[in-house]
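Undergrad: Contents are compact mmCIF, N, CA and C atoms; file name coords.txt:
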# COMPACT_ATOMS: atom_id res chain seq x y z
N MET A 11 10.02 -85.61 8.34
CA MET A 11 8.67 -85.87 8.80
C MET A 11 8.68 -87.13 9.66
N GLN A 12 8.06 -87.03 10.80
CA GLN A 12 8.01 -88.16 11.72
C GLN A 12 6.78 -89.00 11.43
N ARG A 13 6.98 -90.29 11.34
CA ARG A 13 5.87 -91.20 11.07
C ARG A 13 5.44 -91.86 12.37
N LEU A 14 4.17 -91.76 12.69
CA LEU A 14 3.63 -92.39 13.87
C LEU A 14 3.00 -93.71 13.48
N GLN A 15 3.27 -94.74 14.26
CA GLN A 15 2.74 -96.04 13.94
C GLN A 15 2.17 -96.67 15.20
N ALA A 16 1.09 -97.38 15.06
CA ALA A 16 0.47 -98.05 16.19
C ALA A 16 0.04 -99.44 15.78
N PHE A 17 -0.05 -100.31 16.74
CA PHE A 17 -0.52 -101.65 16.51
C PHE A 17 -1.76 -101.87 17.35
N LYS A 18 -2.76 -102.49 16.77
CA LYS A 18 -3.98 -102.77 17.50
C LYS A 18 -4.12 -104.29 17.59
N PHE A 19 -4.35 -104.77 18.81
CA PHE A 19 -4.45 -106.20 19.03
C PHE A 19 -5.82 -106.51 19.63
N GLU A 20 -6.34 -107.66 19.27
CA GLU A 20 -7.56 -108.14 19.91
C GLU A 20 -7.14 -109.20 20.90
N LEU A 21 -7.48 -108.98 22.16
CA LEU A 21 -7.17 -109.96 23.19
C LEU A 21 -8.32 -110.94 23.29
N MET A 22 -7.98 -112.18 23.49
CA MET A 22 -8.99 -113.22 23.70
C MET A 22 -8.68 -113.88 25.04
N PRO A 23 -9.04 -113.20 26.12
CA PRO A 23 -8.68 -113.73 27.44
C PRO A 23 -9.59 -114.89 27.84
N THR A 24 -9.04 -115.72 28.70
CA THR A 24 -9.84 -116.78 29.30
C THR A 24 -10.79 -116.13 30.31
N GLY A 25 -11.69 -116.89 30.86
CA GLY A 25 -12.63 -116.34 31.84
C GLY A 25 -11.93 -115.75 33.04
N GLU A 26 -10.91 -116.44 33.53
CA GLU A 26 -10.16 -115.96 34.70
C GLU A 26 -9.41 -114.67 34.36
N GLN A 27 -8.81 -114.61 33.18
CA GLN A 27 -8.09 -113.41 32.77
C GLN A 27 -9.03 -112.23 32.60
N ALA A 28 -10.20 -112.46 32.02
CA ALA A 28 -11.19 -111.38 31.85
C ALA A 28 -11.65 -110.88 33.21
N ARG A 29 -11.83 -111.78 34.17
CA ARG A 29 -12.24 -111.38 35.52
C ARG A 29 -11.17 -110.52 36.16
N LYS A 30 -9.90 -110.92 36.00
CA LYS A 30 -8.79 -110.15 36.57
C LYS A 30 -8.72 -108.76 35.94
N MET A 31 -8.91 -108.68 34.63
CA MET A 31 -8.84 -107.38 33.97
C MET A 31 -9.98 -106.47 34.42
N ARG A 32 -11.18 -107.03 34.62
CA ARG A 32 -12.28 -106.22 35.15
C ARG A 32 -11.96 -105.76 36.58
N GLN A 33 -11.30 -106.63 37.34
CA GLN A 33 -10.90 -106.27 38.70
C GLN A 33 -9.87 -105.13 38.66
N PHE A 34 -8.92 -105.20 37.75
CA PHE A 34 -7.91 -104.14 37.61
C PHE A 34 -8.58 -102.82 37.24
N ALA A 35 -9.51 -102.87 36.28
CA ALA A 35 -10.21 -101.65 35.86
C ALA A 35 -11.02 -101.07 37.02
N GLY A 36 -11.63 -101.94 37.83
CA GLY A 36 -12.40 -101.48 38.98
C GLY A 36 -11.52 -100.82 40.03
N ALA A 37 -10.33 -101.38 40.24
CA ALA A 37 -9.40 -100.78 41.20
C ALA A 37 -8.94 -99.41 40.71
N CYS A 38 -8.68 -99.29 39.41
CA CYS A 38 -8.27 -97.99 38.86
C CYS A 38 -9.40 -96.98 38.96
N ARG A 39 -10.63 -97.41 38.71
CA ARG A 39 -11.78 -96.52 38.84
C ARG A 39 -11.94 -96.07 40.29
N PHE A 40 -11.76 -96.99 41.24
CA PHE A 40 -11.86 -96.66 42.65
C PHE A 40 -10.81 -95.62 43.04
N VAL A 41 -9.57 -95.81 42.59
CA VAL A 41 -8.49 -94.87 42.91
C VAL A 41 -8.79 -93.50 42.31
N PHE A 42 -9.23 -93.47 41.06
CA PHE A 42 -9.56 -92.20 40.40
C PHE A 42 -10.66 -91.48 41.17
N ASN A 43 -11.73 -92.20 41.50
CA ASN A 43 -12.87 -91.58 42.19
C ASN A 43 -12.50 -91.13 43.60
N LYS A 44 -11.72 -91.93 44.30
CA LYS A 44 -11.31 -91.57 45.66
C LYS A 44 -10.43 -90.32 45.63
N ALA A 45 -9.52 -90.26 44.66
CA ALA A 45 -8.64 -89.09 44.54
C ALA A 45 -9.45 -87.85 44.14
N LEU A 46 -10.43 -88.02 43.27
CA LEU A 46 -11.27 -86.89 42.87
C LEU A 46 -12.09 -86.38 44.05
N ALA A 47 -12.63 -87.30 44.84
CA ALA A 47 -13.39 -86.90 46.03
C ALA A 47 -12.48 -86.17 47.02
N LEU A 48 -11.25 -86.66 47.16
CA LEU A 48 -10.29 -86.02 48.07
C LEU A 48 -9.93 -84.62 47.57
N GLN A 49 -9.77 -84.45 46.27
CA GLN A 49 -9.49 -83.13 45.70
C GLN A 49 -10.65 -82.17 45.96
N GLN A 50 -11.87 -82.66 45.77
CA GLN A 50 -13.04 -81.81 45.99
C GLN A 50 -13.18 -81.43 47.46
N GLU A 51 -12.91 -82.39 48.33
CA GLU A 51 -12.96 -82.13 49.78
C GLU A 51 -11.90 -81.11 50.17
N ASN A 52 -10.71 -81.27 49.62
CA ASN A 52 -9.61 -80.35 49.89
C ASN A 52 -9.95 -78.94 49.41
N HIS A 53 -10.56 -78.83 48.23
CA HIS A 53 -10.93 -77.53 47.69
C HIS A 53 -12.02 -76.87 48.55
N ALA A 54 -12.97 -77.68 49.05
CA ALA A 54 -14.07 -77.14 49.87
C ALA A 54 -13.55 -76.56 51.19
N THR A 55 -12.45 -77.12 51.70
CA THR A 55 -11.88 -76.61 52.95
C THR A 55 -10.88 -75.49 52.71
N GLY A 56 -10.71 -75.07 51.45
CA GLY A 56 -9.83 -73.95 51.14
C GLY A 56 -8.42 -74.36 50.78
N GLY A 57 -8.17 -75.64 50.61
CA GLY A 57 -6.82 -76.10 50.25
C GLY A 57 -6.54 -75.92 48.77
N LYS A 58 -5.26 -76.06 48.42
CA LYS A 58 -4.85 -75.93 47.03
C LYS A 58 -4.91 -77.29 46.35
N PHE A 59 -4.76 -77.26 45.05
CA PHE A 59 -4.75 -78.48 44.24
C PHE A 59 -3.60 -79.37 44.68
N MET A 60 -3.88 -80.65 44.87
CA MET A 60 -2.83 -81.61 45.22
C MET A 60 -2.38 -82.30 43.94
N GLY A 61 -1.09 -82.29 43.70
CA GLY A 61 -0.54 -82.87 42.49
C GLY A 61 -0.40 -84.38 42.58
N TYR A 62 0.19 -84.93 41.53
CA TYR A 62 0.35 -86.38 41.43
C TYR A 62 1.17 -86.96 42.57
N VAL A 63 2.26 -86.29 42.95
CA VAL A 63 3.17 -86.84 43.96
C VAL A 63 2.47 -87.02 45.30
N SER A 64 1.72 -86.02 45.73
CA SER A 64 1.02 -86.14 47.01
C SER A 64 -0.09 -87.19 46.92
N MET A 65 -0.72 -87.30 45.77
CA MET A 65 -1.75 -88.33 45.60
C MET A 65 -1.14 -89.73 45.57
N ALA A 66 0.05 -89.86 44.99
CA ALA A 66 0.71 -91.17 44.96
C ALA A 66 1.06 -91.63 46.38
N LYS A 67 1.40 -90.68 47.24
CA LYS A 67 1.65 -91.04 48.64
C LYS A 67 0.38 -91.55 49.29
N ARG A 68 -0.74 -90.93 48.95
CA ARG A 68 -2.03 -91.38 49.48
C ARG A 68 -2.38 -92.76 48.94
N LEU A 69 -2.01 -93.02 47.69
CA LEU A 69 -2.28 -94.32 47.09
C LEU A 69 -1.61 -95.42 47.90
N THR A 70 -0.39 -95.18 48.35
CA THR A 70 0.31 -96.16 49.18
C THR A 70 -0.46 -96.40 50.47
N GLU A 71 -0.99 -95.34 51.06
CA GLU A 71 -1.79 -95.50 52.28
C GLU A 71 -3.05 -96.30 52.00
N TRP A 72 -3.71 -96.02 50.87
CA TRP A 72 -4.95 -96.73 50.53
C TRP A 72 -4.68 -98.21 50.29
N ARG A 73 -3.55 -98.50 49.63
CA ARG A 73 -3.23 -99.91 49.35
C ARG A 73 -2.89 -100.67 50.63
N ASN A 74 -2.35 -99.99 51.63
CA ASN A 74 -1.98 -100.64 52.89
C ASN A 74 -3.09 -100.60 53.93
N ALA A 75 -4.19 -99.93 53.64
CA ALA A 75 -5.28 -99.81 54.60
C ALA A 75 -6.02 -101.14 54.75
N GLU A 76 -6.57 -101.34 55.93
CA GLU A 76 -7.31 -102.57 56.18
C GLU A 76 -8.65 -102.58 55.46
N ALA A 77 -9.19 -101.40 55.17
CA ALA A 77 -10.50 -101.32 54.51
C ALA A 77 -10.42 -101.68 53.02
N THR A 78 -9.25 -101.53 52.41
CA THR A 78 -9.11 -101.79 50.97
C THR A 78 -7.94 -102.72 50.67
N PRO A 79 -7.93 -103.93 51.22
CA PRO A 79 -6.81 -104.84 50.92
C PRO A 79 -6.84 -105.34 49.48
N TRP A 80 -7.99 -105.27 48.83
CA TRP A 80 -8.12 -105.75 47.45
C TRP A 80 -7.39 -104.87 46.45
N LEU A 81 -7.00 -103.65 46.85
CA LEU A 81 -6.22 -102.81 45.94
C LEU A 81 -4.85 -103.40 45.65
N LYS A 82 -4.34 -104.20 46.57
CA LYS A 82 -3.03 -104.82 46.36
C LYS A 82 -3.08 -105.91 45.30
N ASP A 83 -4.28 -106.40 44.99
CA ASP A 83 -4.40 -107.45 43.98
C ASP A 83 -4.23 -106.90 42.56
N ALA A 84 -4.41 -105.62 42.39
CA ALA A 84 -4.27 -104.98 41.07
C ALA A 84 -2.88 -104.36 40.96
N PRO A 85 -2.34 -104.26 39.75
CA PRO A 85 -1.00 -103.69 39.58
C PRO A 85 -0.96 -102.21 39.96
N VAL A 86 0.07 -101.85 40.69
CA VAL A 86 0.19 -100.48 41.17
C VAL A 86 0.44 -99.51 40.02
N HIS A 87 1.09 -99.97 38.95
CA HIS A 87 1.37 -99.07 37.83
C HIS A 87 0.08 -98.55 37.20
N ALA A 88 -0.89 -99.41 37.07
CA ALA A 88 -2.17 -98.99 36.48
C ALA A 88 -2.88 -97.99 37.41
N GLN A 89 -2.80 -98.21 38.71
CA GLN A 89 -3.42 -97.29 39.66
C GLN A 89 -2.71 -95.94 39.66
N GLN A 90 -1.39 -95.96 39.56
CA GLN A 90 -0.65 -94.71 39.48
C GLN A 90 -1.02 -93.94 38.21
N HIS A 91 -1.25 -94.67 37.14
CA HIS A 91 -1.62 -94.00 35.91
C HIS A 91 -3.02 -93.40 36.00
N ALA A 92 -3.90 -94.01 36.79
CA ALA A 92 -5.22 -93.42 37.02
C ALA A 92 -5.07 -92.06 37.70
N LEU A 93 -4.11 -91.95 38.63
CA LEU A 93 -3.85 -90.67 39.29
C LEU A 93 -3.28 -89.66 38.30
N LYS A 94 -2.43 -90.12 37.38
CA LYS A 94 -1.89 -89.21 36.36
C LYS A 94 -3.00 -88.72 35.44
N ASN A 95 -3.95 -89.62 35.14
CA ASN A 95 -5.10 -89.22 34.31
C ASN A 95 -5.91 -88.14 35.00
N LEU A 96 -6.10 -88.28 36.31
CA LEU A 96 -6.85 -87.27 37.06
C LEU A 96 -6.10 -85.94 37.06
N GLU A 97 -4.80 -85.98 37.25
CA GLU A 97 -4.02 -84.74 37.23
C GLU A 97 -4.13 -84.08 35.86
N ARG A 98 -4.06 -84.87 34.78
CA ARG A 98 -4.19 -84.31 33.44
C ARG A 98 -5.58 -83.72 33.24
N ALA A 99 -6.61 -84.37 33.77
CA ALA A 99 -7.97 -83.86 33.65
C ALA A 99 -8.10 -82.51 34.35
N TYR A 100 -7.49 -82.38 35.52
CA TYR A 100 -7.54 -81.11 36.24
C TYR A 100 -6.78 -80.03 35.48
N LYS A 101 -5.62 -80.38 34.94
CA LYS A 101 -4.84 -79.38 34.19
C LYS A 101 -5.60 -78.91 32.96
N ASN A 102 -6.27 -79.84 32.27
CA ASN A 102 -7.07 -79.46 31.11
C ASN A 102 -8.21 -78.55 31.53
N PHE A 103 -8.80 -78.82 32.69
CA PHE A 103 -9.87 -77.97 33.21
C PHE A 103 -9.35 -76.57 33.52
N PHE A 104 -8.22 -76.49 34.22
CA PHE A 104 -7.66 -75.19 34.61
C PHE A 104 -7.27 -74.36 33.39
N GLU A 105 -6.85 -75.02 32.32
CA GLU A 105 -6.43 -74.30 31.11
C GLU A 105 -7.58 -74.08 30.14
N GLY A 106 -8.79 -74.47 30.53
CA GLY A 106 -9.97 -74.19 29.72
C GLY A 106 -10.18 -75.12 28.54
N ARG A 107 -9.50 -76.25 28.50
CA ARG A 107 -9.64 -77.18 27.39
C ARG A 107 -10.71 -78.24 27.62
N ALA A 108 -11.17 -78.38 28.86
CA ALA A 108 -12.15 -79.42 29.18
C ALA A 108 -13.01 -78.97 30.35
N SER A 109 -14.08 -79.71 30.57
CA SER A 109 -14.94 -79.41 31.72
C SER A 109 -14.35 -80.04 32.97
N PHE A 110 -14.99 -79.77 34.11
CA PHE A 110 -14.49 -80.28 35.39
C PHE A 110 -14.50 -81.81 35.38
N PRO A 111 -13.48 -82.45 35.94
CA PRO A 111 -13.43 -83.92 35.97
C PRO A 111 -14.64 -84.51 36.69
N ARG A 112 -15.15 -85.60 36.13
CA ARG A 112 -16.32 -86.26 36.71
C ARG A 112 -15.93 -87.64 37.24
N PHE A 113 -16.75 -88.14 38.14
CA PHE A 113 -16.52 -89.47 38.69
C PHE A 113 -16.77 -90.52 37.60
N LYS A 114 -16.02 -91.60 37.66
CA LYS A 114 -16.17 -92.68 36.69
C LYS A 114 -17.23 -93.65 37.19
N ARG A 115 -18.01 -94.18 36.26
CA ARG A 115 -19.05 -95.14 36.59
C ARG A 115 -18.67 -96.52 36.08
N LYS A 116 -19.11 -97.52 36.79
CA LYS A 116 -18.85 -98.90 36.38
C LYS A 116 -19.58 -99.18 35.07
N GLY A 117 -18.87 -99.79 34.15
CA GLY A 117 -19.49 -100.20 32.89
C GLY A 117 -19.42 -99.17 31.78
N GLU A 118 -18.98 -97.96 32.06
CA GLU A 118 -18.85 -96.94 31.03
C GLU A 118 -17.38 -96.75 30.68
N ARG A 119 -16.98 -97.32 29.57
CA ARG A 119 -15.59 -97.24 29.09
C ARG A 119 -14.62 -97.71 30.17
N ASP A 120 -14.94 -98.82 30.81
CA ASP A 120 -14.01 -99.38 31.79
C ASP A 120 -12.71 -99.75 31.09
N GLY A 121 -11.63 -99.45 31.71
CA GLY A 121 -10.34 -99.79 31.14
C GLY A 121 -9.23 -99.33 32.04
N PHE A 122 -8.03 -99.68 31.67
CA PHE A 122 -6.86 -99.24 32.42
C PHE A 122 -5.68 -99.21 31.48
N LEU A 123 -4.69 -98.46 31.85
CA LEU A 123 -3.47 -98.36 31.07
C LEU A 123 -2.36 -99.02 31.86
N TYR A 124 -1.65 -99.90 31.21
CA TYR A 124 -0.58 -100.62 31.88
C TYR A 124 0.75 -100.17 31.29
N PRO A 125 1.44 -99.22 31.92
CA PRO A 125 2.61 -98.61 31.30
C PRO A 125 3.89 -99.42 31.36
N ASP A 126 3.92 -100.53 32.07
CA ASP A 126 5.17 -101.29 32.21
C ASP A 126 5.11 -102.53 31.35
N LYS A 127 5.83 -102.53 30.24
CA LYS A 127 5.76 -103.64 29.29
C LYS A 127 6.47 -104.89 29.79
N LYS A 128 7.25 -104.80 30.84
CA LYS A 128 8.03 -105.95 31.30
C LYS A 128 7.23 -106.90 32.18
N HIS A 129 6.10 -106.45 32.67
CA HIS A 129 5.32 -107.28 33.57
C HIS A 129 4.11 -107.86 32.86
N ALA A 130 3.65 -108.96 33.37
CA ALA A 130 2.46 -109.59 32.81
C ALA A 130 1.23 -109.05 33.51
N CYS A 131 0.12 -109.07 32.84
CA CYS A 131 -1.13 -108.58 33.40
C CYS A 131 -2.17 -109.67 33.25
N GLY A 132 -2.56 -110.29 34.32
CA GLY A 132 -3.57 -111.33 34.25
C GLY A 132 -3.11 -112.53 33.44
N GLY A 133 -1.81 -112.79 33.40
CA GLY A 133 -1.29 -113.92 32.65
C GLY A 133 -0.97 -113.59 31.20
N MET A 134 -1.19 -112.35 30.76
CA MET A 134 -0.90 -111.95 29.39
C MET A 134 0.10 -110.82 29.41
N VAL A 135 1.08 -110.89 28.54
CA VAL A 135 2.03 -109.79 28.41
C VAL A 135 1.40 -108.77 27.49
N LEU A 136 1.42 -107.51 27.89
CA LEU A 136 0.70 -106.47 27.16
C LEU A 136 1.57 -105.66 26.22
N SER A 137 2.77 -106.09 25.96
CA SER A 137 3.57 -105.32 25.02
C SER A 137 3.29 -105.80 23.60
N GLY A 138 3.51 -104.93 22.65
CA GLY A 138 3.26 -105.26 21.26
C GLY A 138 4.44 -106.01 20.66
N ARG A 139 4.64 -105.82 19.36
CA ARG A 139 5.75 -106.46 18.68
C ARG A 139 7.08 -105.95 19.25
N PRO A 140 8.07 -106.83 19.29
CA PRO A 140 9.36 -106.34 19.75
C PRO A 140 9.96 -105.37 18.73
N SER A 141 10.57 -104.34 19.23
CA SER A 141 11.15 -103.33 18.37
C SER A 141 12.50 -103.81 17.84
N LYS A 142 12.81 -103.46 16.58
CA LYS A 142 14.09 -103.84 16.00
C LYS A 142 15.18 -102.89 16.45
N GLN A 143 14.78 -101.71 16.91
CA GLN A 143 15.75 -100.73 17.36
C GLN A 143 15.59 -100.50 18.85
N GLU A 144 16.68 -100.11 19.45
CA GLU A 144 16.61 -99.70 20.85
C GLU A 144 15.96 -98.32 20.89
N PRO A 145 15.11 -98.06 21.88
CA PRO A 145 14.49 -96.73 21.93
C PRO A 145 15.54 -95.65 22.15
N THR A 146 15.32 -94.51 21.52
CA THR A 146 16.25 -93.40 21.69
C THR A 146 16.03 -92.75 23.04
N LYS A 147 16.99 -91.95 23.44
CA LYS A 147 16.88 -91.27 24.73
C LYS A 147 15.67 -90.35 24.71
N GLY A 148 14.87 -90.44 25.75
CA GLY A 148 13.69 -89.61 25.85
C GLY A 148 12.47 -90.20 25.17
N ALA A 149 12.61 -91.37 24.52
CA ALA A 149 11.47 -91.98 23.85
C ALA A 149 10.54 -92.59 24.88
N ARG A 150 9.26 -92.58 24.57
CA ARG A 150 8.27 -93.15 25.48
C ARG A 150 8.23 -94.66 25.34
N ALA A 151 8.05 -95.33 26.45
CA ALA A 151 7.95 -96.78 26.42
C ALA A 151 6.58 -97.18 25.91
N PRO A 152 6.50 -98.34 25.23
CA PRO A 152 5.19 -98.79 24.77
C PRO A 152 4.29 -99.11 25.96
N VAL A 153 3.01 -98.92 25.78
CA VAL A 153 2.06 -99.16 26.85
C VAL A 153 0.97 -100.09 26.35
N GLY A 154 0.26 -100.69 27.29
CA GLY A 154 -0.90 -101.50 26.95
C GLY A 154 -2.14 -100.77 27.45
N ILE A 155 -3.03 -100.43 26.56
CA ILE A 155 -4.27 -99.75 26.94
C ILE A 155 -5.39 -100.75 26.73
N LEU A 156 -6.10 -101.04 27.78
CA LEU A 156 -7.20 -101.98 27.69
C LEU A 156 -8.50 -101.28 28.02
N VAL A 157 -9.42 -101.34 27.10
CA VAL A 157 -10.77 -100.82 27.33
C VAL A 157 -11.68 -102.03 27.31
N LEU A 158 -12.37 -102.25 28.41
CA LEU A 158 -13.22 -103.45 28.51
C LEU A 158 -14.62 -103.17 28.04
Just give me the structure as structure tokens.
TA:
Amino acid sequence: MQRLQAFKFELMPTGEQARKMRQFAGACRFVFNKALALQQENHATGGKFMGYVSMAKRLTEWRNAEATPWLKDAPVHAQQHALKNLERAYKNFFEGRASFPRFKRKGERDGFLYPDKKHACGGMVLSGRPSKQEPTKGARAPVGILVL
């Protein structure tokens, strides 16, 4: 029997750190909404579903665009994970497990997932307790999920 274990931490960020985390969540919401709008536009013109890889290429374009230079201030890993969340939402919709993906609104369950434990986020490292064992092959890396 496999035992699942999780750790829950309460973060007490400084004012600057809280501002940065809200900025990161806003950038992830923007990427999710922009990708969702692009998917809907593509579907309206008769195109097929665009997967994560093609959306990730668009994310690079959005981060380098002159209209959205502030996207570079947020970690790219969190933005990439927002695209993965959208792809999962579409797959759940196609398989009948969920309704059609909706646009995210500011202030409603704002948050982001930071999948890279080696980097700091807003001056705080988001990994949990250090593991006593090395992860086995194929094991998932620990992540930091922040809901603001």
Undergrad: Quick one: residues within 8 Å of segment 44-52 of chain A, all atoms listed in the file counted, chain neighbours fewer than 4 positions away excluded, as a list in words?
TA: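 Once the nearby chain positions are removed, what remains is Cys38, Arg39, Phe40, Gly56, Gly57, Lys58, Phe59, Met60, Met65, Leu93, Leu96, Pro111, Arg112, Phe113 and Lys114 of chain A.
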Undergrad: Quick one: pull the distance between atom C of Glu26 of chain A and atom CA of Trp72 of chain A, Å, one decimal.
TA: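 Separation of atom C of Glu26 of chain A and atom CA of Trp72 of chain A: 24.6 Å.
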Undergrad: Counting only C-alpha atoms, what is within 10 Å of Lys94 of chain A, bar same-chain residues fewer than 3 positions away, as a PyMOL selection string?
TA: chain A and resi 42+61-63+65-66+88-91+97-100
Undergrad: Which distance in Å separates atom N of Arg32 of chain A and atom CA of Ala84 of chain A, to one decimal?
TA: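 Going from atom N of Arg32 of chain A over to atom CA of Ala84 of chain A, I get 9.7 Å.
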Undergrad: Quote the spacing between atom C of Arg29 of chain A and atom CA of Gly121 of chain A in Å to one decimal place.
TA: 11.9 Å
Undergrad: As an MDAnalysis selection string, list the residues of segment 12-70 of chain A assigned to alpha helix (DSSP H) by DSSP on the backbone atoms of this structure.
TA: chainID A and resid 25:54 62:70
Undergrad: Please extract the residues of segment 54-136 of chain A with a backbone DSSP assignment of strand (DSSP E or B) and present them as a list in words.
TA: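 Reading the DSSP output for segment 54-136 of chain A, strand (DSSP E or B) covers Gly121, Phe122, Leu123, Tyr124, Ala130, Cys131, Met134 and Val135 of chain A.
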Undergrad: Mind working out the centre and edge lengths of an axis-aligned box for segment 43-54 of chain A, all listed atoms inside, 3 Å added to each side, rounded to one decimal in Å and written as lines of an AutoDock Vina configuration file?
TA:
center_x = -11.4
center_y = -84.4
center_z = 46.3
size_x = 11.4
size_y = 21.6
size_z = 15.7
Undergrad: Please check which residues have atoms at most 12 Å from (-11.7, -101.5, 37.9) in the file's coordinates, counting only C-alpha atoms, and write them as an MDAnalysis selection string.
TA: chainID A and resid 28:43 80:81 83:85 88:89 92 114:123 156:158
